[in-house]
Amino acid sequence: MNLEEIVRATYEEVKNTDDKGRLASYIPELVNVDSESFGVFISTIDHTNFGIGNFNEKFSIQSIAKVLSLSLAYSILGEKIWTRLGVEPSGTAFNSLVQLEADKGIPRNPFINAGAIVISDILLSNLKNPKEEFLSFIRSISNNSELNYSRKIAASEKSVGFRNVALCNFIKSFGNIENEPSDVLDFYFDLCSLEMNCKELSEIFLFLANNGCNIFANNSILTKSQCKRINALMQTCGLYDESGEFAFKVGLPGKSGVGGGIVAIHPNHYAIAVWSPKLNEKGNSYKGMKFLEEFTTKSQLSIF
């Protein structure tokens, strides 16, 4: 099977479709991107790589970073982490406060905002220099020393992040936040501001396609069991309340961000990243969803 030909053909087909999505205007800085950008990059565990379109252009990965912060926290705490987080799809918007009251401050899963805020708190409690050490972690698993936060994006999010402030304080009221909410949120906004291009994004997620093992340094980031669980969470919760639709149409574990990126992995095969900034009603890339559906249909490579 020639994956390069399939990626190219799918890209050309989707590129010319009418994009019905809209930019994420609620974070001011995200409106400044070129709305017509569209890039794809695939990295395989046997070192086959191919990109097309705007795959070298950096963008804000936003909630995709939640998988990376979860991976670091999971590697530190192990199974104890699930005393503070659930593993169920939320069925509500990514920034919803609705379920926290009934669930006594335990977020439904690590990929909604409430869950990622708890993960940020865990990292603050377990790292001496959280921002620096998290950055070192992602640089090490990507073999890329240039990955960094975006000060502009982080500042833009902080200026409008009132609902996240409410989430953090509400969770704190239930005792599920250990640190000062302002410190937790400062770290949370920074990790969401990480910038990568499609090539970097697909490469950094290869460890989840490789049973938790860093393909560049051949060291374990997560155990096989931990890797399986994170992939399961990506499958069931990775695209907010459109995760079921993604599983149905694409059939791969994936994670999206409101910057327009989606990364998906096929265990033991590849990681593929797509970027197109216009979002559908659920906050996921319109063309990204369409591309991945067509790609897995054409390649007949999915886990379902």
# chains A, B, ... in the order shown; residues from 1 in each chain; ligands from 1

call {"tool": "closest_atom_pairs", "arguments": {"of": "range 110-222 of chain A", "to": "range 249-269 of chain A", "cutoff": "12 Å", "atoms": "only C-alpha atoms", "output": "Markdown table"}}
result
| residue | atom | partner | partner_atom | distance |
| --- | --- | --- | --- | --- |
| A:Pro110 | CA | A:Lys255 | CA | 11.7 |
| A:Phe111 | CA | A:Lys255 | CA | 8.7 |
| A:Ile112 | CA | A:Gly257 | CA | 10.9 |
| A:Asn113 | CA | A:Gly257 | CA | 11.4 |
| A:Ile153 | CA | A:Gly259 | CA | 10.4 |
| A:Glu157 | CA | A:Val258 | CA | 11.9 |
| A:Cys192 | CA | A:Gly257 | CA | 9.0 |
| A:Ser193 | CA | A:Gly259 | CA | 9.5 |
| A:Leu194 | CA | A:Gly259 | CA | 10.4 |
| A:Glu195 | CA | A:Gly259 | CA | 9.6 |
| A:Met196 | CA | A:Gly261 | CA | 9.7 |
| A:Asn197 | CA | A:Gly261 | CA | 9.1 |
| A:Cys198 | CA | A:Gly261 | CA | 8.1 |
| A:Lys199 | CA | A:Val263 | CA | 10.6 |
| A:Glu200 | CA | A:Val263 | CA | 10.8 |
| A:Leu201 | CA | A:Val263 | CA | 7.2 |
| A:Ser202 | CA | A:Val263 | CA | 6.7 |
| A:Glu203 | CA | A:Val263 | CA | 10.2 |
| A:Ile204 | CA | A:Val263 | CA | 10.1 |
| A:Phe205 | CA | A:Ile265 | CA | 7.5 |
| A:Leu206 | CA | A:Ile265 | CA | 7.6 |
| A:Phe207 | CA | A:Pro267 | CA | 9.4 |
| A:Leu208 | CA | A:Pro267 | CA | 7.1 |
| A:Ala209 | CA | A:Pro267 | CA | 4.2 |
| A:Asn210 | CA | A:Asn268 | CA | 5.5 |
| A:Asn211 | CA | A:Asn268 | CA | 7.4 |
| A:Gly212 | CA | A:Pro267 | CA | 10.1 |
| A:Cys213 | CA | A:Asn268 | CA | 10.9 |
| A:Ile215 | CA | A:Asn268 | CA | 11.4 |

call {"tool": "residues_around", "arguments": {"residues": "Glu132 in chain A", "least_positions_apart": "3", "cutoff": "12 Å", "atoms": "only C-alpha atoms", "output": "PyMOL selection string"}}
result
chain A and resi 123-124+127-129+135-139+147-149+187+190-191

call {"tool": "write_last_selection", "arguments": {"atoms": "N, CA and C atoms", "output": "PDB file, in the first residue's frame"}}
result
ATOM      1  N   LEU A 123       0.722  18.257  37.858  1.00  0.00           N
ATOM      2  CA  LEU A 123       2.097  18.541  37.428  1.00  0.00           C
ATOM      3  C   LEU A 123       2.732  19.625  38.289  1.00  0.00           C
ATOM      4  N   LEU A 124       1.948  20.613  38.670  1.00  0.00           N
ATOM      5  CA  LEU A 124       2.472  21.650  39.573  1.00  0.00           C
ATOM      6  C   LEU A 124       2.907  21.056  40.908  1.00  0.00           C
ATOM      7  N   LEU A 127       6.329  18.642  40.026  1.00  0.00           N
ATOM      8  CA  LEU A 127       7.517  19.123  39.319  1.00  0.00           C
ATOM      9  C   LEU A 127       8.050  20.378  40.004  1.00  0.00           C
ATOM     10  N   LYS A 128       9.362  20.519  40.064  1.00  0.00           N
ATOM     11  CA  LYS A 128       9.967  21.704  40.682  1.00  0.00           C
ATOM     12  C   LYS A 128       9.779  22.933  39.805  1.00  0.00           C
ATOM     13  N   ASN A 129       9.977  22.773  38.510  1.00  0.00           N
ATOM     14  CA  ASN A 129       9.817  23.858  37.543  1.00  0.00           C
ATOM     15  C   ASN A 129       8.888  23.378  36.430  1.00  0.00           C
ATOM     16  N   LEU A 135       8.181  21.346  29.070  1.00  0.00           N
ATOM     17  CA  LEU A 135       8.783  21.649  27.773  1.00  0.00           C
ATOM     18  C   LEU A 135       9.920  20.667  27.468  1.00  0.00           C
ATOM     19  N   SER A 136      10.727  20.354  28.468  1.00  0.00           N
ATOM     20  CA  SER A 136      11.812  19.380  28.285  1.00  0.00           C
ATOM     21  C   SER A 136      11.252  18.012  27.923  1.00  0.00           C
ATOM     22  N   PHE A 137      10.126  17.655  28.542  1.00  0.00           N
ATOM     23  CA  PHE A 137       9.486  16.373  28.269  1.00  0.00           C
ATOM     24  C   PHE A 137       9.050  16.279  26.810  1.00  0.00           C
ATOM     25  N   ILE A 138       8.339  17.294  26.316  1.00  0.00           N
ATOM     26  CA  ILE A 138       7.852  17.201  24.937  1.00  0.00           C
ATOM     27  C   ILE A 138       8.998  17.314  23.931  1.00  0.00           C
ATOM     28  N   ARG A 139      10.034  18.053  24.271  1.00  0.00           N
ATOM     29  CA  ARG A 139      11.189  18.126  23.379  1.00  0.00           C
ATOM     30  C   ARG A 139      11.905  16.786  23.296  1.00  0.00           C
ATOM     31  N   LEU A 147      10.697  23.200  20.095  1.00  0.00           N
ATOM     32  CA  LEU A 147       9.276  23.336  20.450  1.00  0.00           C
ATOM     33  C   LEU A 147       9.129  24.310  21.610  1.00  0.00           C
ATOM     34  N   ASN A 148       8.074  25.139  21.554  1.00  0.00           N
ATOM     35  CA  ASN A 148       7.943  26.170  22.584  1.00  0.00           C
ATOM     36  C   ASN A 148       6.505  26.636  22.728  1.00  0.00           C
ATOM     37  N   TYR A 149       6.275  27.350  23.847  1.00  0.00           N
ATOM     38  CA  TYR A 149       4.996  28.011  24.071  1.00  0.00           C
ATOM     39  C   TYR A 149       4.929  29.284  23.221  1.00  0.00           C
ATOM     40  N   PHE A 187      -0.205  27.916  34.228  1.00  0.00           N
ATOM     41  CA  PHE A 187       0.437  26.775  33.570  1.00  0.00           C
ATOM     42  C   PHE A 187      -0.472  26.189  32.489  1.00  0.00           C
ATOM     43  N   ASP A 190      -0.470  28.242  29.327  1.00  0.00           N
ATOM     44  CA  ASP A 190       0.795  28.094  28.616  1.00  0.00           C
ATOM     45  C   ASP A 190       0.839  26.782  27.838  1.00  0.00           C
ATOM     46  N   LEU A 191       0.440  25.682  28.474  1.00  0.00           N
ATOM     47  CA  LEU A 191       0.558  24.401  27.769  1.00  0.00           C
ATOM     48  C   LEU A 191      -0.385  24.351  26.558  1.00  0.00           C
TER      49      LEU A 191
END

call {"tool": "residues_around", "arguments": {"residues": "Arg84 in chain A", "least_positions_apart": "5", "cutoff": "8 Å", "atoms": "only C-alpha atoms", "output": "list in words"}}
result
Ile106, Pro107, Val118 and Asn176 of chain A

call {"tool": "select_by_dssp", "arguments": {"residues": "range 78-165 of chain A", "states": "alpha helix (DSSP H)", "output": "ChimeraX atom specification"}}
result
/A:98-102,113-126,130-142,151-160,162-165

call {"tool": "residues_around", "arguments": {"residues": "range 282-291 of chain A", "least_positions_apart": "5", "cutoff": "10 Å", "atoms": "only C-alpha atoms", "output": "MDAnalysis selection string"}}
result
chainID A and resid 7 10:24 38:40 93:94 239:243 245:246 249:250 255:263 273:277 296:297

call {"tool": "write_last_selection", "arguments": {"atoms": "C-alpha atoms", "output": "CSV table (one decimal), in the first residue's frame"}}
result
chain,number,residue,atom,x,y,z
A,7,VAL,CA,-2.6,11.0,1.4
A,10,THR,CA,-7.3,12.5,-0.3
A,11,TYR,CA,-5.7,15.9,0.3
A,12,GLU,CA,-6.5,17.1,-3.3
A,13,GLU,CA,-10.0,15.8,-3.0
A,14,VAL,CA,-10.7,17.5,0.4
A,15,LYS,CA,-8.9,20.7,-0.5
A,16,ASN,CA,-11.4,21.6,-3.1
A,17,THR,CA,-14.5,20.9,-1.0
A,18,ASP,CA,-16.5,23.8,0.4
A,19,ASP,CA,-15.3,24.6,3.9
A,20,LYS,CA,-18.4,25.3,6.0
A,21,GLY,CA,-16.4,25.9,9.2
A,22,ARG,CA,-15.5,29.1,11.1
A,23,LEU,CA,-12.4,30.3,12.9
A,24,ALA,CA,-12.3,30.0,16.7
A,38,PHE,CA,-4.6,23.1,5.0
A,39,GLY,CA,-1.7,20.7,5.8
A,40,VAL,CA,-1.2,17.0,6.4
A,93,ALA,CA,-19.1,21.0,25.6
A,94,PHE,CA,-15.4,21.0,26.5
A,239,LEU,CA,-13.0,15.1,20.0
A,240,TYR,CA,-15.2,16.5,22.8
A,241,ASP,CA,-18.9,15.7,22.2
A,242,GLU,CA,-18.1,14.6,18.6
A,243,SER,CA,-16.0,11.7,19.7
A,245,GLU,CA,-18.9,10.6,15.3
A,246,PHE,CA,-15.2,10.5,14.9
A,249,LYS,CA,-16.4,7.8,10.6
A,250,VAL,CA,-12.6,7.7,11.2
A,255,LYS,CA,-7.3,14.4,19.6
A,256,SER,CA,-8.4,17.8,18.3
A,257,GLY,CA,-7.7,21.4,19.2
A,258,VAL,CA,-9.6,24.6,18.5
A,259,GLY,CA,-6.5,25.8,16.6
A,260,GLY,CA,-7.7,23.6,13.8
A,261,GLY,CA,-5.4,20.6,14.3
A,262,ILE,CA,-6.3,17.0,14.7
A,263,VAL,CA,-3.8,14.2,15.3
A,273,ALA,CA,-1.7,15.2,11.8
A,274,VAL,CA,-4.1,17.4,9.9
A,275,TRP,CA,-4.5,21.2,10.2
A,276,SER,CA,-7.3,23.4,8.8
A,277,PRO,CA,-8.3,26.3,11.1
A,296,THR,CA,-9.1,5.7,6.5
A,297,THR,CA,-11.8,4.7,4.0

call {"tool": "atom_distance", "arguments": {"atom1": "CA of Ala232 in chain A", "atom2": "CA of Ala247 in chain A"}}
result
10.9 Å

call {"tool": "residues_around", "arguments": {"residues": "Glu178 in chain A", "least_positions_apart": "2", "cutoff": "9 Å", "atoms": "only C-alpha atoms", "output": "PDB file with N, CA, C and O atoms, in the first residue's frame"}}
result
ATOM      1  N   ASP A 121      -2.704  20.870  37.687  1.00  0.00           N
ATOM      2  CA  ASP A 121      -2.487  20.921  39.133  1.00  0.00           C
ATOM      3  C   ASP A 121      -1.572  19.787  39.596  1.00  0.00           C
ATOM      4  O   ASP A 121      -0.682  19.985  40.433  1.00  0.00           O
ATOM      5  N   ILE A 122      -1.788  18.588  39.055  1.00  0.00           N
ATOM      6  CA  ILE A 122      -0.949  17.430  39.396  1.00  0.00           C
ATOM      7  C   ILE A 122       0.508  17.697  39.023  1.00  0.00           C
ATOM      8  O   ILE A 122       1.430  17.413  39.799  1.00  0.00           O
ATOM      9  N   LEU A 124       1.948  20.613  38.670  1.00  0.00           N
ATOM     10  CA  LEU A 124       2.472  21.650  39.573  1.00  0.00           C
ATOM     11  C   LEU A 124       2.907  21.056  40.908  1.00  0.00           C
ATOM     12  O   LEU A 124       3.904  21.497  41.485  1.00  0.00           O
ATOM     13  N   SER A 125       2.187  20.072  41.392  1.00  0.00           N
ATOM     14  CA  SER A 125       2.502  19.459  42.678  1.00  0.00           C
ATOM     15  C   SER A 125       3.704  18.514  42.609  1.00  0.00           C
ATOM     16  O   SER A 125       4.321  18.229  43.631  1.00  0.00           O
ATOM     17  N   LYS A 172     -11.647  23.567  42.867  1.00  0.00           N
ATOM     18  CA  LYS A 172     -10.938  23.855  44.124  1.00  0.00           C
ATOM     19  C   LYS A 172     -11.899  23.760  45.315  1.00  0.00           C
ATOM     20  O   LYS A 172     -11.534  23.276  46.398  1.00  0.00           O
ATOM     21  N   GLY A 175     -12.040  20.449  46.674  1.00  0.00           N
ATOM     22  CA  GLY A 175     -10.783  19.904  47.173  1.00  0.00           C
ATOM     23  C   GLY A 175      -9.969  19.124  46.160  1.00  0.00           C
ATOM     24  O   GLY A 175      -9.019  18.435  46.524  1.00  0.00           O
ATOM     25  N   ASN A 176     -10.316  19.251  44.858  1.00  0.00           N
ATOM     26  CA  ASN A 176      -9.601  18.498  43.827  1.00  0.00           C
ATOM     27  C   ASN A 176      -8.547  19.340  43.109  1.00  0.00           C
ATOM     28  O   ASN A 176      -8.034  18.940  42.067  1.00  0.00           O
ATOM     29  N   GLU A 180      -2.606  26.974  44.187  1.00  0.00           N
ATOM     30  CA  GLU A 180      -3.358  28.207  43.974  1.00  0.00           C
ATOM     31  C   GLU A 180      -3.949  28.205  42.564  1.00  0.00           C
ATOM     32  O   GLU A 180      -3.225  27.959  41.589  1.00  0.00           O
ATOM     33  N   PRO A 181      -5.250  28.470  42.427  1.00  0.00           N
ATOM     34  CA  PRO A 181      -5.872  28.464  41.104  1.00  0.00           C
ATOM     35  C   PRO A 181      -5.151  29.345  40.079  1.00  0.00           C
ATOM     36  O   PRO A 181      -5.036  28.960  38.912  1.00  0.00           O
TER      37      PRO A 181
END

call {"tool": "closest_residue", "arguments": {"among": "A:Ala9, A:Lys104, A:Ile76, A:Leu30", "to": "Glu294 in chain A", "atoms": "only C-alpha atoms"}}
result
A:Ala9

call {"tool": "closest_residue", "arguments": {"among": "A:Glu5, A:Glu146, A:Asp34, A:Glu29", "to": "Lys158 in chain A", "atoms": "only C-alpha atoms"}}
result
A:Glu29

call {"tool": "select_by_dssp", "arguments": {"residues": "range 127-258 of chain A", "states": "strand (DSSP E or B)", "output": "PyMOL selection string"}}
result
chain A and resi 148+195-196+213+220+254-256

call {"tool": "closest_residue", "arguments": {"among": "A:Ala217, A:Ile27, A:Ile117, A:His47", "to": "Ala155 in chain A", "atoms": "only C-alpha atoms"}}
result
A:Ile27

call {"tool": "residues_around", "arguments": {"residues": "Val98 in chain A", "least_positions_apart": "6", "cutoff": "12 Å", "atoms": "only C-alpha atoms", "output": "PyMOL selection string"}}
result
chain A and resi 90-92+104-108+114+166-167+170-171

call {"tool": "write_last_selection", "arguments": {"atoms": "all heavy atoms", "output": "PDB file, in the first residue's frame"}}
result
ATOM      1  N   SER A  90     -17.871  12.954  28.133  1.00  0.00           N
ATOM      2  CA  SER A  90     -18.659  13.916  28.908  1.00  0.00           C
ATOM      3  C   SER A  90     -20.051  14.130  28.327  1.00  0.00           C
ATOM      4  O   SER A  90     -21.014  14.353  29.056  1.00  0.00           O
ATOM      5  CB  SER A  90     -17.928  15.263  28.983  1.00  0.00           C
ATOM      6  OG  SER A  90     -17.864  15.860  27.699  1.00  0.00           O
ATOM      7  N   GLY A  91     -20.164  14.099  26.998  1.00  0.00           N
ATOM      8  CA  GLY A  91     -21.449  14.365  26.367  1.00  0.00           C
ATOM      9  C   GLY A  91     -21.857  15.827  26.403  1.00  0.00           C
ATOM     10  O   GLY A  91     -22.938  16.194  25.974  1.00  0.00           O
ATOM     11  N   THR A  92     -20.952  16.665  26.945  1.00  0.00           N
ATOM     12  CA  THR A  92     -21.218  18.111  26.987  1.00  0.00           C
ATOM     13  C   THR A  92     -20.023  18.846  26.383  1.00  0.00           C
ATOM     14  O   THR A  92     -18.994  18.245  26.073  1.00  0.00           O
ATOM     15  CB  THR A  92     -21.431  18.604  28.430  1.00  0.00           C
ATOM     16  OG1 THR A  92     -20.284  18.261  29.219  1.00  0.00           O
ATOM     17  CG2 THR A  92     -22.654  17.961  29.047  1.00  0.00           C
ATOM     18  N   LYS A 104     -19.003  15.936  42.104  1.00  0.00           N
ATOM     19  CA  LYS A 104     -18.226  16.403  43.261  1.00  0.00           C
ATOM     20  C   LYS A 104     -16.786  16.801  42.920  1.00  0.00           C
ATOM     21  O   LYS A 104     -15.837  16.448  43.597  1.00  0.00           O
ATOM     22  CB  LYS A 104     -18.242  15.342  44.362  1.00  0.00           C
ATOM     23  CG  LYS A 104     -19.633  15.070  44.918  1.00  0.00           C
ATOM     24  CD  LYS A 104     -19.609  14.021  46.009  1.00  0.00           C
ATOM     25  CE  LYS A 104     -20.970  13.918  46.703  1.00  0.00           C
ATOM     26  NZ  LYS A 104     -22.075  13.615  45.788  1.00  0.00           N
ATOM     27  N   GLY A 105     -16.677  17.534  41.806  1.00  0.00           N
ATOM     28  CA  GLY A 105     -15.379  18.098  41.437  1.00  0.00           C
ATOM     29  C   GLY A 105     -14.436  17.157  40.723  1.00  0.00           C
ATOM     30  O   GLY A 105     -13.276  17.500  40.499  1.00  0.00           O
ATOM     31  N   ILE A 106     -14.911  15.980  40.335  1.00  0.00           N
ATOM     32  CA  ILE A 106     -14.094  15.027  39.586  1.00  0.00           C
ATOM     33  C   ILE A 106     -14.463  15.147  38.099  1.00  0.00           C
ATOM     34  O   ILE A 106     -15.570  14.758  37.708  1.00  0.00           O
ATOM     35  CB  ILE A 106     -14.327  13.566  40.049  1.00  0.00           C
ATOM     36  CG1 ILE A 106     -14.073  13.421  41.546  1.00  0.00           C
ATOM     37  CG2 ILE A 106     -13.450  12.604  39.241  1.00  0.00           C
ATOM     38  CD1 ILE A 106     -12.633  13.594  41.976  1.00  0.00           C
ATOM     39  N   PRO A 107     -13.579  15.694  37.278  1.00  0.00           N
ATOM     40  CA  PRO A 107     -13.912  15.839  35.850  1.00  0.00           C
ATOM     41  C   PRO A 107     -14.147  14.491  35.188  1.00  0.00           C
ATOM     42  O   PRO A 107     -13.524  13.491  35.551  1.00  0.00           O
ATOM     43  CB  PRO A 107     -12.658  16.518  35.269  1.00  0.00           C
ATOM     44  CG  PRO A 107     -12.004  17.186  36.435  1.00  0.00           C
ATOM     45  CD  PRO A 107     -12.274  16.291  37.608  1.00  0.00           C
ATOM     46  N   ARG A 108     -15.047  14.473  34.210  1.00  0.00           N
ATOM     47  CA  ARG A 108     -15.412  13.220  33.549  1.00  0.00           C
ATOM     48  C   ARG A 108     -14.221  12.542  32.864  1.00  0.00           C
ATOM     49  O   ARG A 108     -14.145  11.325  32.800  1.00  0.00           O
ATOM     50  CB  ARG A 108     -16.513  13.472  32.515  1.00  0.00           C
ATOM     51  CG  ARG A 108     -17.890  13.674  33.114  1.00  0.00           C
ATOM     52  CD  ARG A 108     -18.503  12.344  33.563  1.00  0.00           C
ATOM     53  NE  ARG A 108     -19.690  12.554  34.387  1.00  0.00           N
ATOM     54  CZ  ARG A 108     -20.935  12.538  33.910  1.00  0.00           C
ATOM     55  NH1 ARG A 108     -21.143  12.339  32.629  1.00  0.00           N
ATOM     56  NH2 ARG A 108     -21.941  12.720  34.729  1.00  0.00           N
ATOM     57  N   ALA A 114     -11.894  20.967  32.314  1.00  0.00           N
ATOM     58  CA  ALA A 114     -11.822  20.697  33.750  1.00  0.00           C
ATOM     59  C   ALA A 114     -10.786  19.618  34.051  1.00  0.00           C
ATOM     60  O   ALA A 114     -10.010  19.717  35.005  1.00  0.00           O
ATOM     61  CB  ALA A 114     -13.197  20.270  34.268  1.00  0.00           C
ATOM     62  N   ALA A 166     -13.475  30.022  36.316  1.00  0.00           N
ATOM     63  CA  ALA A 166     -14.618  29.499  37.066  1.00  0.00           C
ATOM     64  C   ALA A 166     -14.477  27.994  37.306  1.00  0.00           C
ATOM     65  O   ALA A 166     -14.727  27.504  38.415  1.00  0.00           O
ATOM     66  CB  ALA A 166     -15.918  29.798  36.310  1.00  0.00           C
ATOM     67  N   LEU A 167     -14.069  27.256  36.269  1.00  0.00           N
ATOM     68  CA  LEU A 167     -13.876  25.808  36.402  1.00  0.00           C
ATOM     69  C   LEU A 167     -12.860  25.480  37.485  1.00  0.00           C
ATOM     70  O   LEU A 167     -13.090  24.636  38.343  1.00  0.00           O
ATOM     71  CB  LEU A 167     -13.393  25.225  35.065  1.00  0.00           C
ATOM     72  CG  LEU A 167     -14.441  25.010  33.970  1.00  0.00           C
ATOM     73  CD1 LEU A 167     -13.756  24.708  32.643  1.00  0.00           C
ATOM     74  CD2 LEU A 167     -15.388  23.870  34.325  1.00  0.00           C
ATOM     75  N   PHE A 170     -14.152  26.283  40.947  1.00  0.00           N
ATOM     76  CA  PHE A 170     -15.223  25.358  41.317  1.00  0.00           C
ATOM     77  C   PHE A 170     -14.639  24.006  41.740  1.00  0.00           C
ATOM     78  O   PHE A 170     -15.040  23.416  42.742  1.00  0.00           O
ATOM     79  CB  PHE A 170     -16.182  25.197  40.136  1.00  0.00           C
ATOM     80  CG  PHE A 170     -17.515  24.610  40.513  1.00  0.00           C
ATOM     81  CD1 PHE A 170     -18.186  25.007  41.661  1.00  0.00           C
ATOM     82  CD2 PHE A 170     -18.123  23.669  39.691  1.00  0.00           C
ATOM     83  CE1 PHE A 170     -19.425  24.472  42.000  1.00  0.00           C
ATOM     84  CE2 PHE A 170     -19.363  23.133  40.011  1.00  0.00           C
ATOM     85  CZ  PHE A 170     -20.008  23.528  41.173  1.00  0.00           C
ATOM     86  N   ILE A 171     -13.656  23.516  40.985  1.00  0.00           N
ATOM     87  CA  ILE A 171     -12.988  22.253  41.340  1.00  0.00           C
ATOM     88  C   ILE A 171     -12.253  22.407  42.671  1.00  0.00           C
ATOM     89  O   ILE A 171     -12.263  21.501  43.505  1.00  0.00           O
ATOM     90  CB  ILE A 171     -12.021  21.818  40.219  1.00  0.00           C
ATOM     91  CG1 ILE A 171     -12.762  21.609  38.903  1.00  0.00           C
ATOM     92  CG2 ILE A 171     -11.299  20.520  40.606  1.00  0.00           C
ATOM     93  CD1 ILE A 171     -11.862  21.480  37.688  1.00  0.00           C
TER      94      ILE A 171
END

call {"tool": "atom_distance", "arguments": {"atom1": "CA of Ser120 in chain A", "atom2": "CA of Ser43 in chain A"}}
result
28.4 Å

call {"tool": "closest_residue", "arguments": {"among": "A:Asn169, A:Ser69, A:Thr223, A:Ser35", "to": "Asn54 in chain A", "atoms": "only C-alpha atoms"}}
result
A:Ser35

call {"tool": "decode", "arguments": {"residues": "range 7-67 of chain A", "atoms": "C-alpha atoms", "output": "PDB file, in the first residue's frame"}}
result
ATOM      1  CA  VAL A   7      -2.556  11.017   1.436  1.00  0.00           C
ATOM      2  CA  ARG A   8      -1.961  13.035  -1.737  1.00  0.00           C
ATOM      3  CA  ALA A   9      -5.186  11.931  -3.430  1.00  0.00           C
ATOM      4  CA  THR A  10      -7.262  12.512  -0.291  1.00  0.00           C
ATOM      5  CA  TYR A  11      -5.691  15.926   0.278  1.00  0.00           C
ATOM      6  CA  GLU A  12      -6.477  17.081  -3.275  1.00  0.00           C
ATOM      7  CA  GLU A  13     -10.038  15.821  -2.988  1.00  0.00           C
ATOM      8  CA  VAL A  14     -10.744  17.500   0.367  1.00  0.00           C
ATOM      9  CA  LYS A  15      -8.853  20.693  -0.485  1.00  0.00           C
ATOM     10  CA  ASN A  16     -11.437  21.581  -3.118  1.00  0.00           C
ATOM     11  CA  THR A  17     -14.504  20.942  -0.967  1.00  0.00           C
ATOM     12  CA  ASP A  18     -16.549  23.833   0.364  1.00  0.00           C
ATOM     13  CA  ASP A  19     -15.308  24.561   3.908  1.00  0.00           C
ATOM     14  CA  LYS A  20     -18.355  25.322   6.046  1.00  0.00           C
ATOM     15  CA  GLY A  21     -16.350  25.900   9.215  1.00  0.00           C
ATOM     16  CA  ARG A  22     -15.471  29.093  11.093  1.00  0.00           C
ATOM     17  CA  LEU A  23     -12.361  30.283  12.920  1.00  0.00           C
ATOM     18  CA  ALA A  24     -12.292  30.041  16.737  1.00  0.00           C
ATOM     19  CA  SER A  25     -13.059  33.699  17.401  1.00  0.00           C
ATOM     20  CA  TYR A  26     -13.432  33.402  21.193  1.00  0.00           C
ATOM     21  CA  ILE A  27      -9.616  33.378  21.512  1.00  0.00           C
ATOM     22  CA  PRO A  28      -8.679  36.672  19.826  1.00  0.00           C
ATOM     23  CA  GLU A  29      -5.231  35.613  18.588  1.00  0.00           C
ATOM     24  CA  LEU A  30      -6.588  32.556  16.744  1.00  0.00           C
ATOM     25  CA  VAL A  31      -8.527  34.782  14.348  1.00  0.00           C
ATOM     26  CA  ASN A  32      -5.251  36.043  12.880  1.00  0.00           C
ATOM     27  CA  VAL A  33      -4.384  32.801  11.049  1.00  0.00           C
ATOM     28  CA  ASP A  34      -4.956  32.234   7.331  1.00  0.00           C
ATOM     29  CA  SER A  35      -8.347  30.527   7.256  1.00  0.00           C
ATOM     30  CA  GLU A  36      -7.489  28.720   3.998  1.00  0.00           C
ATOM     31  CA  SER A  37      -4.456  26.908   5.432  1.00  0.00           C
ATOM     32  CA  PHE A  38      -4.567  23.149   5.036  1.00  0.00           C
ATOM     33  CA  GLY A  39      -1.729  20.746   5.785  1.00  0.00           C
ATOM     34  CA  VAL A  40      -1.199  17.039   6.425  1.00  0.00           C
ATOM     35  CA  PHE A  41       1.770  14.973   7.604  1.00  0.00           C
ATOM     36  CA  ILE A  42       2.045  11.250   8.281  1.00  0.00           C
ATOM     37  CA  SER A  43       4.851   9.581  10.243  1.00  0.00           C
ATOM     38  CA  THR A  44       5.108   5.801  10.474  1.00  0.00           C
ATOM     39  CA  ILE A  45       6.980   3.690  12.996  1.00  0.00           C
ATOM     40  CA  ASP A  46       9.065   2.241  10.149  1.00  0.00           C
ATOM     41  CA  HIS A  47      10.255   5.779   9.291  1.00  0.00           C
ATOM     42  CA  THR A  48       8.104   6.488   6.241  1.00  0.00           C
ATOM     43  CA  ASN A  49       7.194  10.189   6.269  1.00  0.00           C
ATOM     44  CA  PHE A  50       5.198  12.384   3.932  1.00  0.00           C
ATOM     45  CA  GLY A  51       3.637  15.839   4.075  1.00  0.00           C
ATOM     46  CA  ILE A  52       1.528  17.971   1.776  1.00  0.00           C
ATOM     47  CA  GLY A  53       0.082  21.484   1.831  1.00  0.00           C
ATOM     48  CA  ASN A  54       0.866  23.774   4.786  1.00  0.00           C
ATOM     49  CA  PHE A  55       2.415  20.948   6.836  1.00  0.00           C
ATOM     50  CA  ASN A  56       5.464  23.041   7.765  1.00  0.00           C
ATOM     51  CA  GLU A  57       3.497  26.024   9.099  1.00  0.00           C
ATOM     52  CA  LYS A  58       3.240  26.263  12.887  1.00  0.00           C
ATOM     53  CA  PHE A  59      -0.123  26.647  14.587  1.00  0.00           C
ATOM     54  CA  SER A  60      -1.484  26.604  18.134  1.00  0.00           C
ATOM     55  CA  ILE A  61      -2.183  22.975  19.050  1.00  0.00           C
ATOM     56  CA  GLN A  62      -4.463  23.998  21.947  1.00  0.00           C
ATOM     57  CA  SER A  63      -6.251  20.972  23.479  1.00  0.00           C
ATOM     58  CA  ILE A  64      -4.054  18.460  21.660  1.00  0.00           C
ATOM     59  CA  ALA A  65      -1.473  19.361  24.321  1.00  0.00           C
ATOM     60  CA  LYS A  66      -3.771  17.748  26.911  1.00  0.00           C
ATOM     61  CA  VAL A  67      -2.647  14.311  25.716  1.00  0.00           C
TER      62      VAL A  67
END
